[in-house]
Amino acid sequence: MGSFYESKSNKGVLYTATEEGRPYCWRDETGHRPYLYSPLKPEELRALGVSATFVREEKYYPLIDSQIEVTKVIVGDPLSVRNLREKLENYGGAREANIKYFRNFIYDTGVIPGLRHKYEDGRRIPIIEGRALEIPEEDVDDVELFEEYVKLLSSPVPEIPRVALDIEVGAPGEEVPREPEYPVIAISLVSNDGLRRTYILERPGAKEVDVDAEVRIYENEVRMITDALKDAFRYPVVLTRNGDNFDLPYLAKRLKYLGITDVPIHYRTGGQGYRADFRPVKGTRHENVPIHVDLMQFFGNEGMRGYVFGGAYDDLRLDTVAKAVIGKGKVELPTYISELDAQTLVEYNLNDAQITLELTTHNNSLVRKLLIMFARISRMGIHDIVRRGISARIDSRILREHRRRNRLFPRREDVLREKGATFTDPKIKGKKYRGAIVIDPVPGIHFNVIVLDVASLYPSVIKVRNLSYETINAPVSKDIPVKRIPETPHYVRVDRKGIMSLLIGMIRDLRVKYFKPKSKDKSLPEDERAFYDAVQSALKVLINASYGVLGFERFSLYCPPVAEATAAVGRYVISRIKAKAEELGAKVIYGDTDSIFVKDAPEEVIEALQERARKELNIDLEVDKVYRYVVFTERKKNYVGVTTDGKIVIKGMLGKKRNTPEMFKKAFAEALEELSKVHDPKEFERAKERIKEIIRTTIRRLRSGNFDVNELAIRVRLSKNPEDYDAKQPHVKVAKMLRQMGYRVRAGSIVEYVYVRGKPGAKPPFMAKPQEIDVEKYEDLLKSVFEQLIEALGMTYNEILGATSLKDFLGDLIRAKNS
DNA sequence: GCGGACTGCTTACCT
DNA sequence: ACAGGTAAGCAGTCCGCG
């Protein structure tokens, strides 16, 4: 499950699970030491005064497609690796010297995080119990590798004993305390094996607390904290929400404040990110210490938010995340924590711990399974899976695959020097290369529309075109076959399989050809299908990010021409499909990146297109959606449609954006409701009338002042801390205002404001009265929201309303004059 | 002195 | 700390205009 370097024993340490599923802590017995590689010979290194063990090794170096000789420099401790790396900087540099020791330890011992292990001859052997059935041999580049991953990923996920921990601090007001001057007044533990316990400091009503849990009352705060931690330490995993940033550091600080010197928590703040872990106190060892999993770190990850939970939560408060993931929120608080009565305090505290646990058990333990799958694929401990981004996971997987093929991992600067240049001009200033095509939509209402899309376009392109850092623009002689990349000077050698192409292609195939079909196979029992579904979601996250990381500066194998070539071939593929569709007589009315919307295309044409894509481009073209009708304006990424089964699809419209006031979102939803009833052109007339009525009613409400200001609140998420903004937009002004008033507003916070007449222009809703609202401003906003819809229906906003204000009237007049 | 065209900055969304 | 493309808002600058 994890690994680290233990300085006391000067050894690598692994946490694994035993055959029986019990946690087990294993200290290295193989003599594994920290090391790096150098292109220098041992005698040259000795001459430089390097004292270490030298081993000459032959490795394959992908950047020049040759075997090379390097020296493995084995040293005493991880710190020496860093010192040596700096020392060798001017002497040919070091290789594989930026890899943390515990990572090498994992790759080299062959341990697989997320699996149970057995012990044989001093080695840990991972227990792989998964079976590989029906491996599709055609189109899989490396059947053996494919089979290995299938077995690895289909091995059962053990149920890990774990306990959720949550604390409450008796700070006055709604301030979240940073300094340890306030007492910890309650701690709750809720486990997946039946423990439900709250530890509270003695207070009025404490003895009468009646909850579905054991309540322990303490006079002494130190005793209470120590007892709670002792109980938590019986579990191999402790779950928190925000424990890295709050619960654990606060407990540590508070214990020190109360005079305890040997504290079982180690934390780090600021700088390289914050994290907190449990540590052994005097007389105990690492095996008695649980792993800390802060779920907020996991859910805060953009990849998780977007792909697995469908962007279901907007901010990271426990309440929001819990409602989205498990459909259950927090207990409403009548007052500040410090003023709660004992009963309410315990209920609140217990509920938070309960929700934290449920985030990992809900939906057939989806989160638990995802974490384990990521751990297995990327050979990373749960510690790091939770805390680090997707690029770290892909990096770990790729490094491990280099290691086992005895390939020397190239330095980022070497890849960049050899393969750095891009040639296409981006549409957006500041970007590095040209991206996807968006086909101009044909404005109007279109009946009978089929959406075709390429299943995972970019990973398919990477696979099919053999794109990889070592195959693109490789130094080649005349007799080595290459294939050119359209719109660029790039070429790819095709006589050797590129490693990125192989690995990304395989993850794609694992998902598309194996786990996804299994997750939908009705002949399998439901829990088995749910398991395969978790596996395919984990693979999806990796697939979706695999192209992106190649264009990401901090990725270890950052390779701009590969990213550029991927996008270029993507454009080529979709353009070819579009041209072919038109050739076959279908009208292409829109398309974005990997899709085309075709109108009036009979089934034969669709089939012919799919056939052509398969034969000519080696690409799978799928029917993604069938629309009863779609409505476009000239705006891209902006449309409404109703599918044949009556589902409304809205894309990009203001009416669904998170920062549109609730009042307008509601009106917009009503208008869509009307549209969903439409089956043919005639019924549109009725819908239009109803929409007109909805808009008018909304305007009347605005003008009458008959509303709650909260209905008009605009919610914006800050990307920076307020003090870091130069801009003076309303949300920035209000953020600064709130901070002045003592609220904790920072990057990631949601700022709410309403437009008011007069000086500052915007105010937090709780400070504004309905009479102050800048009604004109909101009428403009309403217009923007509905214009996107109205224009699509072939009308103008003013026409549908009549001239409702002098400004609109004059606007119309000017437009009439100009045209 | 005021509006329009423009740019830069920002957010939210699409694939 | 995965990518680029698009829409839209606000604030500021420049320019033209009796």
# chains A, B, ... in the order shown; residues from 1 in each chain; ligands from 1
>>> residues_around(residues="segment 431-441 of chain A", least_positions_apart="2", cutoff="8 Å", atoms="only C-alpha atoms (C1' of nucleotides)", output="PyMOL selection string")
(chain A and resi 422-429+443+560+564+567-568+570-571+589-593+632-636) or (chain C and resi 4-5)
>>> select_by_dssp(residues="segment 30-104 of chain A", states="strand (DSSP E or B)", output="ChimeraX atom specification")
/A:35-38,53-61,66-74,95
>>> interface_residues(of="chain A", to="chain C", cutoff="6 Å", atoms="only C-alpha atoms (C1' of nucleotides)", output="VMD selection string")
chain A and resid 435 545 548 to 549 729
>>> write_last_selection(atoms="all heavy atoms", output="PDB file, in the first residue's frame")
ATOM      1  N   GLY A 435      -4.547  23.208 -31.709  1.00  0.00           N
ATOM      2  CA  GLY A 435      -5.315  22.090 -31.150  1.00  0.00           C
ATOM      3  C   GLY A 435      -6.405  21.592 -32.079  1.00  0.00           C
ATOM      4  O   GLY A 435      -6.191  21.418 -33.282  1.00  0.00           O
ATOM      5  N   ALA A 545      -6.141  11.629 -19.748  1.00  0.00           N
ATOM      6  CA  ALA A 545      -5.036  12.530 -19.409  1.00  0.00           C
ATOM      7  C   ALA A 545      -3.769  12.208 -20.197  1.00  0.00           C
ATOM      8  O   ALA A 545      -2.840  12.996 -20.212  1.00  0.00           O
ATOM      9  CB  ALA A 545      -4.755  12.455 -17.913  1.00  0.00           C
ATOM     10  N   GLY A 548      -2.797  14.804 -22.752  1.00  0.00           N
ATOM     11  CA  GLY A 548      -2.527  16.094 -22.101  1.00  0.00           C
ATOM     12  C   GLY A 548      -1.151  16.176 -21.479  1.00  0.00           C
ATOM     13  O   GLY A 548      -0.461  17.178 -21.621  1.00  0.00           O
ATOM     14  N   VAL A 549      -0.722  15.127 -20.781  1.00  0.00           N
ATOM     15  CA  VAL A 549       0.565  15.207 -20.085  1.00  0.00           C
ATOM     16  C   VAL A 549       1.738  15.388 -21.059  1.00  0.00           C
ATOM     17  O   VAL A 549       2.750  15.984 -20.702  1.00  0.00           O
ATOM     18  CB  VAL A 549       0.828  13.987 -19.169  1.00  0.00           C
ATOM     19  CG1 VAL A 549      -0.183  13.928 -18.049  1.00  0.00           C
ATOM     20  CG2 VAL A 549       0.854  12.694 -19.953  1.00  0.00           C
ATOM     21  N   GLN A 729     -12.475  43.465 -11.320  1.00  0.00           N
ATOM     22  CA  GLN A 729     -13.820  42.993 -11.628  1.00  0.00           C
ATOM     23  C   GLN A 729     -14.643  42.841 -10.351  1.00  0.00           C
ATOM     24  O   GLN A 729     -14.070  42.753  -9.265  1.00  0.00           O
ATOM     25  CB  GLN A 729     -13.747  41.665 -12.364  1.00  0.00           C
ATOM     26  CG  GLN A 729     -13.329  41.816 -13.805  1.00  0.00           C
ATOM     27  CD  GLN A 729     -12.241  40.855 -14.194  1.00  0.00           C
ATOM     28  OE1 GLN A 729     -11.232  40.774 -13.492  1.00  0.00           O
ATOM     29  NE2 GLN A 729     -12.454  40.130 -15.273  1.00  0.00           N
TER      30      GLN A 729
END
>>> select_by_dssp(residues="segment 588-683 of chain A", states="alpha helix (DSSP H)", output="list in words")
Glu603, Glu604, Val605, Ile606, Glu607, Ala608, Leu609, Gln610, Glu611, Arg612, Glu662, Met663, Phe664, Lys665, Lys666, Ala667, Phe668, Ala669, Glu670, Ala671, Leu672, Glu673, Glu674, Leu675, Ser676, Pro681, Lys682 and Glu683 of chain A
>>> write_last_selection(atoms="N, CA and C atoms", output="compact mmCIF listing (two decimals), in the first residue's frame")
# COMPACT_ATOMS: atom_id res chain seq x y z
N GLU A 603 -29.15 5.03 -42.81
CA GLU A 603 -28.30 4.06 -42.11
C GLU A 603 -27.12 3.58 -42.95
N GLU A 604 -27.36 3.38 -44.27
CA GLU A 604 -26.28 2.88 -45.13
C GLU A 604 -25.12 3.86 -45.15
N VAL A 605 -25.45 5.14 -45.15
CA VAL A 605 -24.38 6.15 -45.20
C VAL A 605 -23.56 6.10 -43.91
N ILE A 606 -24.26 5.99 -42.78
CA ILE A 606 -23.56 5.89 -41.49
C ILE A 606 -22.64 4.67 -41.51
N GLU A 607 -23.17 3.56 -41.95
CA GLU A 607 -22.37 2.33 -41.97
C GLU A 607 -21.17 2.45 -42.92
N ALA A 608 -21.41 3.08 -44.06
CA ALA A 608 -20.32 3.27 -45.02
C ALA A 608 -19.22 4.13 -44.40
N LEU A 609 -19.64 5.14 -43.66
CA LEU A 609 -18.67 6.02 -43.00
C LEU A 609 -17.83 5.27 -41.98
N GLN A 610 -18.52 4.45 -41.18
CA GLN A 610 -17.82 3.69 -40.16
C GLN A 610 -16.81 2.73 -40.79
N GLU A 611 -17.25 2.12 -41.86
CA GLU A 611 -16.41 1.19 -42.61
C GLU A 611 -15.15 1.89 -43.12
N ARG A 612 -15.35 3.08 -43.74
CA ARG A 612 -14.24 3.84 -44.27
C ARG A 612 -13.25 4.24 -43.17
N GLU A 662 -29.74 32.18 -9.86
CA GLU A 662 -30.73 31.12 -9.71
C GLU A 662 -32.06 31.47 -10.41
N MET A 663 -32.48 32.72 -10.28
CA MET A 663 -33.77 33.14 -10.86
C MET A 663 -33.79 32.89 -12.38
N PHE A 664 -32.66 33.20 -13.03
CA PHE A 664 -32.60 33.05 -14.48
C PHE A 664 -32.42 31.60 -14.88
N LYS A 665 -31.69 30.87 -14.06
CA LYS A 665 -31.50 29.45 -14.36
C LYS A 665 -32.86 28.74 -14.34
N LYS A 666 -33.70 29.15 -13.37
CA LYS A 666 -35.02 28.54 -13.24
C LYS A 666 -35.88 28.86 -14.46
N ALA A 667 -35.85 30.13 -14.86
CA ALA A 667 -36.62 30.55 -16.03
C ALA A 667 -36.14 29.79 -17.27
N PHE A 668 -34.83 29.63 -17.37
CA PHE A 668 -34.25 28.93 -18.51
C PHE A 668 -34.69 27.47 -18.53
N ALA A 669 -34.69 26.86 -17.35
CA ALA A 669 -35.11 25.46 -17.25
C ALA A 669 -36.56 25.30 -17.68
N GLU A 670 -37.41 26.28 -17.31
CA GLU A 670 -38.82 26.23 -17.72
C GLU A 670 -38.94 26.31 -19.24
N ALA A 671 -38.12 27.18 -19.83
CA ALA A 671 -38.16 27.33 -21.29
C ALA A 671 -37.76 26.01 -21.97
N LEU A 672 -36.74 25.37 -21.41
CA LEU A 672 -36.28 24.10 -21.99
C LEU A 672 -37.36 23.03 -21.88
N GLU A 673 -38.06 23.06 -20.76
CA GLU A 673 -39.16 22.14 -20.53
C GLU A 673 -40.17 22.25 -21.68
N GLU A 674 -40.44 23.49 -22.09
CA GLU A 674 -41.36 23.71 -23.21
C GLU A 674 -40.78 23.09 -24.49
N LEU A 675 -39.49 23.29 -24.69
CA LEU A 675 -38.86 22.78 -25.91
C LEU A 675 -38.87 21.27 -25.97
N SER A 676 -38.79 20.64 -24.80
CA SER A 676 -38.73 19.18 -24.79
C SER A 676 -40.05 18.57 -25.27
N PRO A 681 -41.93 20.90 -36.42
CA PRO A 681 -41.83 22.35 -36.60
C PRO A 681 -43.07 23.12 -36.12
N LYS A 682 -44.26 22.52 -36.27
CA LYS A 682 -45.48 23.24 -35.90
C LYS A 682 -45.53 23.56 -34.41
N GLU A 683 -45.10 22.55 -33.63
CA GLU A 683 -45.18 22.72 -32.17
C GLU A 683 -44.23 23.80 -31.64
>>> interface_residues(of="chain B", to="chain A", cutoff="7 Å", atoms="only C-alpha atoms (C1' of nucleotides)", output="count of residues only")
5
>>> atom_distance(atom1="atom CA of Ala421 of chain A", atom2="atom CA of Glu553 of chain A")
13.0 Å
>>> atom_distance(atom1="atom CA of Ala747 of chain A", atom2="atom CA of Lys720 of chain A")
4.3 Å
>>> residues_around(residues="Gly420 of chain A", least_positions_apart="2", cutoff="12 Å", atoms="only C-alpha atoms (C1' of nucleotides)", output="PyMOL selection string")
chain A and resi 412-418+422-423+432-433+469+472-473+490+550-551+553+557-564
>>> write_last_selection(atoms="C-alpha atoms", output="PDB file, in the first residue's frame")
ATOM      1  CA  ARG A 412      13.502  15.904 -19.472  1.00  0.00           C
ATOM      2  CA  GLU A 413      16.056  18.392 -20.790  1.00  0.00           C
ATOM      3  CA  ASP A 414      17.494  15.794 -23.171  1.00  0.00           C
ATOM      4  CA  VAL A 415      14.080  14.992 -24.640  1.00  0.00           C
ATOM      5  CA  LEU A 416      13.357  18.678 -24.932  1.00  0.00           C
ATOM      6  CA  ARG A 417      16.669  19.502 -26.591  1.00  0.00           C
ATOM      7  CA  GLU A 418      16.236  16.743 -29.171  1.00  0.00           C
ATOM      8  CA  THR A 422       6.606  22.917 -32.443  1.00  0.00           C
ATOM      9  CA  PHE A 423       5.530  24.440 -35.743  1.00  0.00           C
ATOM     10  CA  LYS A 432       2.261  26.124 -27.694  1.00  0.00           C
ATOM     11  CA  TYR A 433       0.623  24.545 -30.734  1.00  0.00           C
ATOM     12  CA  TYR A 469       9.152  10.638 -27.731  1.00  0.00           C
ATOM     13  CA  ILE A 472       9.067  11.076 -33.498  1.00  0.00           C
ATOM     14  CA  ASN A 473      11.722  12.908 -35.496  1.00  0.00           C
ATOM     15  CA  HIS A 490       7.233  15.927 -38.136  1.00  0.00           C
ATOM     16  CA  LEU A 550       2.680  15.036 -23.253  1.00  0.00           C
ATOM     17  CA  GLY A 551       2.068  18.778 -23.643  1.00  0.00           C
ATOM     18  CA  GLU A 553       5.849  21.225 -19.129  1.00  0.00           C
ATOM     19  CA  LEU A 557       8.562  12.962 -20.686  1.00  0.00           C
ATOM     20  CA  TYR A 558       7.201  16.318 -21.855  1.00  0.00           C
ATOM     21  CA  CYS A 559       7.381  16.154 -25.618  1.00  0.00           C
ATOM     22  CA  PRO A 560       5.712  19.039 -27.485  1.00  0.00           C
ATOM     23  CA  PRO A 561       6.008  17.568 -31.002  1.00  0.00           C
ATOM     24  CA  VAL A 562       4.209  14.386 -29.917  1.00  0.00           C
ATOM     25  CA  ALA A 563       1.358  16.467 -28.458  1.00  0.00           C
ATOM     26  CA  GLU A 564       1.347  18.658 -31.568  1.00  0.00           C
TER      27      GLU A 564
END
>>> closest_residue(among="A:Lys256, A:Asp193, A:Leu793, A:Glu287", to="Ala17 of chain A", atoms="only C-alpha atoms")
A:Glu287
>>> atom_distance(atom1="atom CA of Lys87 of chain A", atom2="atom CA of Val75 of chain A")
13.8 Å
>>> residues_around(residues="Tyr182 of chain A", least_positions_apart="4", cutoff="8 Å", atoms="only C-alpha atoms (C1' of nucleotides)", output="VMD selection string")
chain A and resid 169 to 171 177
>>> residues_around(residues="Ala322 of chain A", least_positions_apart="3", cutoff="12 Å", atoms="only C-alpha atoms (C1' of nucleotides)", output="PDB file with C-alpha atoms, in the first residue's frame")
ATOM      1  CA  ARG A 241     -11.454  15.185   5.153  1.00  0.00           C
ATOM      2  CA  LEU A 295     -10.175  12.389   0.994  1.00  0.00           C
ATOM      3  CA  MET A 296     -10.339  16.103   0.297  1.00  0.00           C
ATOM      4  CA  PHE A 299     -11.767  14.815  -4.464  1.00  0.00           C
ATOM      5  CA  PHE A 309     -18.049  12.164 -10.788  1.00  0.00           C
ATOM      6  CA  ALA A 312     -20.857  16.911  -9.837  1.00  0.00           C
ATOM      7  CA  TYR A 313     -19.436  19.159  -7.130  1.00  0.00           C
ATOM      8  CA  ASP A 314     -18.476  22.817  -7.532  1.00  0.00           C
ATOM      9  CA  ASP A 315     -16.451  23.363  -4.394  1.00  0.00           C
ATOM     10  CA  LEU A 316     -14.719  21.149  -1.906  1.00  0.00           C
ATOM     11  CA  ARG A 317     -16.755  21.645   1.247  1.00  0.00           C
ATOM     12  CA  LEU A 318     -17.652  18.282   2.731  1.00  0.00           C
ATOM     13  CA  ASP A 319     -21.304  19.139   2.328  1.00  0.00           C
ATOM     14  CA  VAL A 325     -21.033  11.603  -4.305  1.00  0.00           C
ATOM     15  CA  ILE A 326     -23.285   9.926  -1.731  1.00  0.00           C
ATOM     16  CA  GLY A 327     -26.394  12.081  -1.930  1.00  0.00           C
ATOM     17  CA  LYS A 328     -26.273  13.110   1.711  1.00  0.00           C
ATOM     18  CA  GLY A 329     -25.128  16.345   3.317  1.00  0.00           C
ATOM     19  CA  LYS A 330     -24.013  17.683   6.642  1.00  0.00           C
ATOM     20  CA  VAL A 331     -26.154  18.373   9.689  1.00  0.00           C
ATOM     21  CA  ASN A 351     -22.108  12.751  11.279  1.00  0.00           C
ATOM     22  CA  ASP A 352     -18.972  14.265   9.720  1.00  0.00           C
ATOM     23  CA  ALA A 353     -16.947  11.156  10.517  1.00  0.00           C
ATOM     24  CA  GLN A 354     -19.785   8.988   9.203  1.00  0.00           C
ATOM     25  CA  ILE A 355     -19.938  10.894   5.902  1.00  0.00           C
ATOM     26  CA  THR A 356     -16.164  10.711   5.561  1.00  0.00           C
ATOM     27  CA  LEU A 357     -16.279   6.935   5.888  1.00  0.00           C
ATOM     28  CA  GLU A 358     -19.239   6.659   3.532  1.00  0.00           C
ATOM     29  CA  LEU A 359     -17.377   8.534   0.795  1.00  0.00           C
ATOM     30  CA  THR A 360     -15.238   5.392   0.540  1.00  0.00           C
ATOM     31  CA  HIS A 362     -20.734   4.279  -1.112  1.00  0.00           C
TER      32      HIS A 362
END
>>> closest_residue(among="A:Leu189, A:Leu702, A:Ile773, A:Ala581", to="Tyr755 of chain A", atoms="only C-alpha atoms")
A:Ile773
>>> residues_around(residues="segment 775-777 of chain A", least_positions_apart="3", cutoff="7 Å", atoms="only C-alpha atoms (C1' of nucleotides)", output="list in words")
Leu702, Arg703, Asp780 and Leu781 of chain A
>>> closest_residue(among="A:Gly205, A:Gly259, A:Gly93, A:Gly194", to="Glu221 of chain A", atoms="only C-alpha atoms")
A:Gly259
>>> residues_around(residues="segment 477-489 of chain A", least_positions_apart="3", cutoff="8 Å", atoms="only C-alpha atoms (C1' of nucleotides)", output="ChimeraX atom specification")
/A:423-424,492-495,565,568-569,572
>>> write_last_selection(atoms="N, CA and C atoms", output="mmCIF file, in the first residue's frame")
data_model
loop_
_atom_site.group_PDB
_atom_site.id
_atom_site.type_symbol
_atom_site.label_atom_id
_atom_site.label_comp_id
_atom_site.auth_asym_id
_atom_site.auth_seq_id
_atom_site.Cartn_x
_atom_site.Cartn_y
_atom_site.Cartn_z
ATOM 1 N N PHE A 423 5.583 23.649 -34.512
ATOM 2 C CA PHE A 423 5.530 24.440 -35.743
ATOM 3 C C PHE A 423 4.176 25.051 -36.053
ATOM 4 N N THR A 424 3.109 24.515 -35.495
ATOM 5 C CA THR A 424 1.792 25.042 -35.841
ATOM 6 C C THR A 424 1.482 26.260 -34.975
ATOM 7 N N VAL A 492 7.449 10.081 -38.155
ATOM 8 C CA VAL A 492 7.565 9.063 -37.119
ATOM 9 C C VAL A 492 8.179 7.813 -37.719
ATOM 10 N N ARG A 493 9.148 7.233 -37.034
ATOM 11 C CA ARG A 493 9.663 5.965 -37.563
ATOM 12 C C ARG A 493 8.701 4.857 -37.160
ATOM 13 N N VAL A 494 8.449 3.948 -38.108
ATOM 14 C CA VAL A 494 7.375 2.980 -37.886
ATOM 15 C C VAL A 494 7.893 1.536 -37.800
ATOM 16 N N ASP A 495 9.233 1.395 -37.808
ATOM 17 C CA ASP A 495 9.777 0.038 -37.735
ATOM 18 C C ASP A 495 9.957 -0.445 -36.303
ATOM 19 N N ALA A 565 1.682 16.607 -32.837
ATOM 20 C CA ALA A 565 1.361 15.627 -33.876
ATOM 21 C C ALA A 565 0.021 14.945 -33.578
ATOM 22 N N ALA A 568 -2.651 17.282 -34.569
ATOM 23 C CA ALA A 568 -2.671 17.444 -36.030
ATOM 24 C C ALA A 568 -3.339 16.239 -36.706
ATOM 25 N N VAL A 569 -2.981 15.038 -36.269
ATOM 26 C CA VAL A 569 -3.598 13.847 -36.852
ATOM 27 C C VAL A 569 -5.090 13.810 -36.478
ATOM 28 N N TYR A 572 -6.794 15.914 -38.882
ATOM 29 C CA TYR A 572 -6.813 15.226 -40.168
ATOM 30 C C TYR A 572 -7.925 14.172 -40.200
#
